[in-house]
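One file, query-v5.pdb, is given below (PDB, C-alpha atoms).
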MODEL        1
ATOM      1  CA  MET A   1      52.272   3.133  -9.874
ATOM      2  CA  ALA A   2      53.698   0.738  -7.325
ATOM      3  CA  THR A   3      52.975  -2.942  -6.805
ATOM      4  CA  HIS A   4      54.299  -4.747  -3.777
ATOM      5  CA  LEU A   5      53.651  -7.609  -1.401
ATOM      6  CA  ASN A   6      52.029  -6.653   1.869
ATOM      7  CA  GLN A   7      51.876  -8.637   5.089
ATOM      8  CA  ASN A   8      49.375  -7.717   7.822
ATOM      9  CA  LYS A   9      49.441  -9.543  11.123
ATOM     10  CA  ASP A  10      48.565  -8.707  14.717
ATOM     11  CA  PRO A  11      49.359 -11.643  17.040
ATOM     12  CA  LYS A  12      47.040 -10.285  19.741
ATOM     13  CA  GLY A  13      43.990 -10.040  17.505
ATOM     14  CA  ALA A  14      41.039  -7.735  17.797
ATOM     15  CA  ASP A  15      40.089  -9.113  21.196
ATOM     16  CA  GLY A  16      43.577  -9.975  22.445
ATOM     17  CA  GLY A  17      42.768 -13.663  22.201
ATOM     18  CA  GLY A  18      45.164 -14.673  19.421
ATOM     19  CA  THR A  19      42.459 -14.807  16.698
ATOM     20  CA  ALA A  20      44.080 -12.251  14.375
ATOM     21  CA  HIS A  21      44.059 -12.732  10.627
ATOM     22  CA  SER A  22      47.317 -12.998   8.726
ATOM     23  CA  ASN A  23      47.820 -12.844   4.985
ATOM     24  CA  TYR A  24      51.132 -13.430   3.205
ATOM     25  CA  THR A  25      49.798 -12.952  -0.325
ATOM     26  CA  ALA A  26      48.238  -9.492   0.050
ATOM     27  CA  GLN A  27      48.950  -7.050  -2.761
ATOM     28  CA  ARG A  28      48.651  -3.286  -3.156
ATOM     29  CA  ILE A  29      48.532  -1.308  -6.391
ATOM     30  CA  GLY A  30      48.568   2.451  -5.976
ATOM     31  CA  ASN A  31      50.262   5.818  -5.986
ATOM     32  CA  ASP A  32      49.983   9.118  -4.123
ATOM     33  CA  HIS A  33      46.285   9.416  -5.096
ATOM     34  CA  GLY A  34      44.844   6.062  -4.056
ATOM     35  CA  ASN A  35      45.203   2.301  -3.737
ATOM     36  CA  ILE A  36      43.636  -0.980  -4.680
ATOM     37  CA  LYS A  37      44.372  -3.687  -2.116
ATOM     38  CA  PHE A  38      43.785  -7.429  -2.379
ATOM     39  CA  GLY A  39      43.746  -9.445   0.845
ATOM     40  CA  HIS A  40      44.122  -6.444   3.166
ATOM     41  CA  VAL A  41      43.707  -7.226   6.882
ATOM     42  CA  HIS A  42      41.741  -4.466   8.621
ATOM     43  CA  LYS A  43      43.131  -2.537  11.572
ATOM     44  CA  ASP A  44      41.029  -4.562  14.039
ATOM     45  CA  ALA A  45      42.837  -7.683  12.727
ATOM     46  CA  GLY A  46      39.533  -9.560  12.720
ATOM     47  CA  THR A  47      38.448  -9.168   9.076
ATOM     48  CA  THR A  48      40.161  -9.715   5.732
ATOM     49  CA  SER A  49      39.131  -7.678   2.701
ATOM     50  CA  GLY A  50      39.065  -9.430  -0.649
ATOM     51  CA  VAL A  51      39.226  -6.124  -2.523
ATOM     52  CA  MET A  52      39.597  -2.614  -1.100
ATOM     53  CA  LEU A  53      39.481   0.634  -3.060
ATOM     54  CA  GLU A  54      40.657   3.688  -1.136
ATOM     55  CA  THR A  55      42.010   7.204  -1.518
ATOM     56  CA  THR A  56      44.830   8.649   0.550
ATOM     57  CA  ASP A  57      42.126   9.592   3.084
ATOM     58  CA  SER A  58      41.491   6.413   5.071
ATOM     59  CA  LEU A  59      37.891   7.542   5.686
ATOM     60  CA  HIS A  60      37.175   7.302   1.948
ATOM     61  CA  HIS A  61      37.092   3.677   0.831
ATOM     62  CA  ILE A  62      35.041   0.745  -0.448
ATOM     63  CA  THR A  63      35.794  -2.753   0.807
ATOM     64  CA  LEU A  64      34.495  -6.211  -0.079
ATOM     65  CA  ASP A  65      35.248  -8.252   3.023
ATOM     66  CA  LYS A  66      35.709 -11.982   2.511
ATOM     67  CA  ALA A  67      36.619 -13.477   5.881
ATOM     68  CA  GLY A  68      36.334 -12.811   9.595
ATOM     69  CA  GLU A  69      33.798 -10.894  11.661
ATOM     70  CA  ARG A  70      32.402  -9.092   8.590
ATOM     71  CA  LYS A  71      32.538 -11.949   6.090
ATOM     72  CA  GLY A  72      30.490 -11.138   2.999
ATOM     73  CA  HIS A  73      30.092  -7.461   3.908
ATOM     74  CA  THR A  74      30.324  -4.678   1.337
ATOM     75  CA  ILE A  75      31.129  -1.387   3.059
ATOM     76  CA  SER A  76      31.314   2.061   1.466
ATOM     77  CA  VAL A  77      32.617   4.940   3.600
ATOM     78  CA  SER A  78      32.580   8.582   2.468
ATOM     79  CA  PRO A  79      33.790  11.556   4.526
ATOM     80  CA  GLY A  80      31.630  13.733   2.251
ATOM     81  CA  ASP A  81      28.459  13.111   0.248
ATOM     82  CA  THR A  82      27.401   9.818  -1.337
ATOM     83  CA  VAL A  83      25.281  10.301  -4.473
ATOM     84  CA  ILE A  84      23.509   7.539  -6.412
ATOM     85  CA  LYS A  85      21.889   8.580  -9.704
ATOM     86  CA  ALA A  86      20.383   6.172 -12.191
ATOM     87  CA  GLY A  87      17.603   5.691 -14.696
ATOM     88  CA  GLU A  88      18.154   8.448 -17.259
ATOM     89  CA  LYS A  89      17.581   5.935 -20.069
ATOM     90  CA  ASN A  90      14.806   4.003 -18.313
ATOM     91  CA  THR A  91      11.064   4.408 -18.794
ATOM     92  CA  VAL A  92       8.735   5.673 -16.052
ATOM     93  CA  SER A  93       7.272   2.186 -15.499
ATOM     94  CA  GLN A  94      10.639   0.535 -14.783
ATOM     95  CA  THR A  95      12.160  -0.222 -11.381
ATOM     96  CA  THR A  96      15.378   1.784 -11.477
ATOM     97  CA  ILE A  97      16.872   1.358  -8.004
ATOM     98  CA  MET A  98      16.124  -1.673  -5.851
ATOM     99  CA  ILE A  99      17.370  -2.478  -2.352
ATOM    100  CA  GLU A 100      16.377  -5.915  -1.047
ATOM    101  CA  ALA A 101      17.246  -7.404   2.333
ATOM    102  CA  VAL A 102      16.545 -11.124   1.901
ATOM    103  CA  ASN A 103      16.830 -11.590   5.671
ATOM    104  CA  GLY A 104      17.203  -8.918   8.331
ATOM    105  CA  ASP A 105      16.381  -5.243   8.608
ATOM    106  CA  ILE A 106      16.966  -2.143   6.494
ATOM    107  CA  CYS A 107      17.934   0.881   8.607
ATOM    108  CA  LEU A 108      18.019   4.520   7.484
ATOM    109  CA  ILE A 109      19.634   6.586  10.244
ATOM    110  CA  ALA A 110      20.321  10.326  10.225
ATOM    111  CA  PRO A 111      21.120  11.273  13.851
ATOM    112  CA  ASN A 112      21.899  14.875  12.923
ATOM    113  CA  GLY A 113      19.650  15.425   9.927
ATOM    114  CA  LYS A 114      16.359  14.617   8.200
ATOM    115  CA  ILE A 115      15.146  11.700   6.112
ATOM    116  CA  ARG A 116      13.139  12.927   3.112
ATOM    117  CA  MET A 117      11.021  10.813   0.752
ATOM    118  CA  GLN A 118       9.744  12.545  -2.375
ATOM    119  CA  ALA A 119       7.978  10.961  -5.352
ATOM    120  CA  ASP A 120       4.814  11.101  -7.478
ATOM    121  CA  ASP A 121       3.368   8.437  -5.160
ATOM    122  CA  ILE A 122       4.664   6.830  -1.975
ATOM    123  CA  GLU A 123       3.454   3.397  -0.878
ATOM    124  CA  MET A 124       4.168   1.756   2.477
ATOM    125  CA  ILE A 125       3.140  -1.902   2.721
ATOM    126  CA  ALA A 126       3.588  -4.255   5.686
ATOM    127  CA  ASN A 127       2.943  -7.820   4.491
ATOM    128  CA  GLY A 128       3.397  -9.812   7.694
ATOM    129  CA  GLY A 129       0.028 -11.334   8.533
ATOM    130  CA  ASP A 130       0.711 -13.748  11.395
ATOM    131  CA  GLY A 131      -0.848 -11.549  14.070
ATOM    132  CA  ASN A 132       2.502 -10.268  15.348
ATOM    133  CA  ASN A 133       3.888  -8.732  12.154
ATOM    134  CA  GLY A 134       2.310  -6.618   9.442
ATOM    135  CA  ASN A 135       2.411  -3.382  11.432
ATOM    136  CA  ILE A 136       3.369   0.178  10.529
ATOM    137  CA  SER A 137       4.415   2.144  13.611
ATOM    138  CA  LEU A 138       4.930   5.915  13.777
ATOM    139  CA  THR A 139       6.537   7.450  16.865
ATOM    140  CA  ALA A 140       7.304  11.153  17.194
ATOM    141  CA  VAL A 141       8.698  12.908  20.257
ATOM    142  CA  GLU A 142       6.820  16.052  19.217
ATOM    143  CA  ASN A 143       4.279  16.127  16.359
ATOM    144  CA  ILE A 144       2.889  14.025  13.526
ATOM    145  CA  LEU A 145       1.560  16.463  10.912
ATOM    146  CA  THR A 146      -0.513  15.819   7.791
ATOM    147  CA  ASP A 147      -1.497  18.297   5.088
ATOM    148  CA  SER A 148      -3.582  16.912   2.219
ATOM    149  CA  LYS A 149      -6.840  17.366   0.314
ATOM    150  CA  LYS A 150      -8.273  14.219   1.856
ATOM    151  CA  PHE A 151      -7.326  12.109   4.859
ATOM    152  CA  LEU A 152      -9.022   8.723   4.682
ATOM    153  CA  VAL A 153      -8.797   5.975   7.289
ATOM    154  CA  ASN A 154     -10.427   2.581   6.724
ATOM    155  CA  ALA A 155     -10.043   0.254   9.710
ATOM    156  CA  LYS A 156     -11.533  -3.173   9.023
ATOM    157  CA  ASN A 157     -12.089  -4.098  12.653
ATOM    158  CA  PHE A 158     -11.384  -1.272  15.094
ATOM    159  CA  TYR A 159     -10.006   2.229  15.431
ATOM    160  CA  LYS A 160      -9.354   4.406  18.477
ATOM    161  CA  ILE A 161      -8.115   7.966  18.943
ATOM    162  CA  VAL A 162      -6.918   8.716  22.471
ATOM    163  CA  THR A 163      -5.275  11.642  24.245
ATOM    164  CA  PRO A 164      -4.773  12.335  27.971
ATOM    165  CA  GLY A 165      -5.053  16.016  27.118
ATOM    166  CA  TYR A 166      -7.492  18.054  25.033
ATOM    167  CA  GLY A 167      -9.146  16.831  21.836
ATOM    168  CA  GLU A 168     -11.003  18.601  19.026
ATOM    169  CA  ILE A 169     -12.993  17.512  15.985
ATOM    170  CA  ILE A 170     -13.756  20.454  13.688
ATOM    171  CA  ALA A 171     -15.555  20.588  10.327
ATOM    172  CA  ASN A 172     -16.401  24.100   9.168
ATOM    173  CA  SER A 173     -18.799  23.093   6.406
ATOM    174  CA  GLY A 174     -20.564  20.121   7.963
ATOM    175  CA  MET A 175     -20.182  16.863   9.887
ATOM    176  CA  THR A 176     -21.861  13.481   9.695
ATOM    177  CA  LEU A 177     -21.710  10.968  12.531
ATOM    178  CA  TYR A 178     -23.237   7.565  11.921
ATOM    179  CA  ALA A 179     -23.346   4.417  14.024
ATOM    180  CA  SER A 180     -25.860   1.799  15.063
ATOM    181  CA  LEU A 181     -25.483   3.160  18.588
ATOM    182  CA  ILE A 182     -24.007   6.468  19.746
ATOM    183  CA  ARG A 183     -23.296   7.155  23.423
ATOM    184  CA  GLY A 184     -21.865  10.224  25.072
ATOM    185  CA  VAL A 185     -20.285   9.838  28.520
ATOM    186  CA  THR A 186     -18.799  12.506  30.797
ATOM    187  CA  ASP A 187     -16.822  12.350  34.034
ATOM    188  CA  ALA A 188     -20.020  13.149  35.937
ATOM    189  CA  CYS A 189     -20.638   9.374  35.922
ATOM    190  CA  ALA A 190     -17.737   8.968  38.352
ATOM    191  CA  ILE A 191     -19.870  10.617  41.060
ATOM    192  CA  LYS A 192     -23.311   9.427  40.045
ATOM    193  CA  ASP A 193     -23.944   6.911  37.301
ATOM    194  CA  SER A 194     -26.405   7.787  34.546
ATOM    195  CA  LYS A 195     -29.651   5.955  33.912
ATOM    196  CA  VAL A 196     -28.120   4.155  30.940
ATOM    197  CA  GLY A 197     -24.978   3.132  32.844
ATOM    198  CA  GLY A 198     -22.038   5.182  31.660
ATOM    199  CA  ARG A 199     -19.726   4.565  34.637
ATOM    200  CA  PRO A 200     -17.982   1.431  33.201
ATOM    201  CA  ILE A 201     -17.052   3.485  30.128
ATOM    202  CA  GLN A 202     -15.779   6.327  32.335
ATOM    203  CA  ILE A 203     -13.663   3.933  34.416
ATOM    204  CA  ALA A 204     -12.246   2.126  31.367
ATOM    205  CA  ASN A 205     -11.129   5.358  29.748
ATOM    206  CA  ASN A 206      -9.526   6.791  32.878
ATOM    207  CA  THR A 207      -7.349   3.772  33.648
ATOM    208  CA  VAL A 208      -3.881   3.952  32.136
TER     209      VAL A 208
ENDMDL
END
Could you render the structure from this file as structure tokens?
Amino acid sequence: MATHLNQNKDPKGADGGGTAHSNYTAQRIGNDHGNIKFGHVHKDAGTTSGVMLETTDSLHHITLDKAGERKGHTISVSPGDTVIKAGEKNTVSQTTIMIEAVNGDICLIAPNGKIRMQADDIEMIANGGDGNNGNISLTAVENILTDSKKFLVNAKNFYKIVTPGYGEIIANSGMTLYASLIRGVTDACAIKDSKVGGRPIQIANNTV
């Protein structure tokens, strides 16, 4: 195991503007298998790591950055899998793994794979209630599929199902439709309005 003083300095800096970090007290402890570095200046010369743990593969490391562009960041990089397993001695009612972003977003990105969520129950809650937040948005380039015993929707104020194509509502055993008023309108109103005035509804639903 070797211990030596390490100096990292790039006078041009990450942006060529002379803002590079320099550290004359950096230390490295390691051998041909891996290293622990204290005060390492990253290759971009814009961030200093307080502690870095790495193997001989530079793509396999954990760093606790303390100064610069990524001050306060904890970064874990794996060229292979990353596995987190916990809770073998916990009870079912305990919270075993918790990820909390006090401010800012949480992003799960798999550009070349799938994101799977599997549990006894899955809850999605949006708490923002100021009129702009508190939304759950689903966007799919192709399909949104559901397969369950029951599919229940309870909209407190309004719901709408729209398609510019073809729509079907099918119930093989029976169907109940209830409302204080039910109206059926077809595109025939565009040529000649009905006695009960269906043309405004036809116009409103053909304007995109």
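What separates atom CA of Ser194 of chain A from atom CA of Ala179 of chain A is a distance of 21.0 Å.
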Per residue of segment 38-125 of chain A within 7 Å of segment 22-28 of chain A, which atom pair is closest and at what distance in Å (one decimal), using all atoms listed in the file, listed by chain and increasing number, as CSV?
residue,atom,partner,partner_atom,distance
A:Phe38,CA,A:Gln27,CA,5.2
A:Gly39,CA,A:Ala26,CA,4.6
A:His40,CA,A:Ala26,CA,6.0
With the file shown as input, list the residues that the PyMOL selection byres ((chain A and resi 48) around 10) selects, as a PyMOL selection string. chain A and resi 8+20-23+26+38-47+49-52+63-71
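Proximity to Val196 of chain A at 12 Å, evaluated using all atoms listed in the file and with sequence-adjacent residues fewer than 6 positions away removed, yields A:Arg183, A:Gly184, A:Val185, A:Cys189.
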The PyMOL selection byres ((chain A and resi 97) around 12) resolved against shown file, as a ChimeraX atom specification: /A:84-88,90,94-96,98-100
Can you translate the PyMOL selection byres ((chain A and resi 55) around 12) into the concrete residues it hits in this file, as a ChimeraX atom specification? /A:29-37,52-54,56-63,77-79
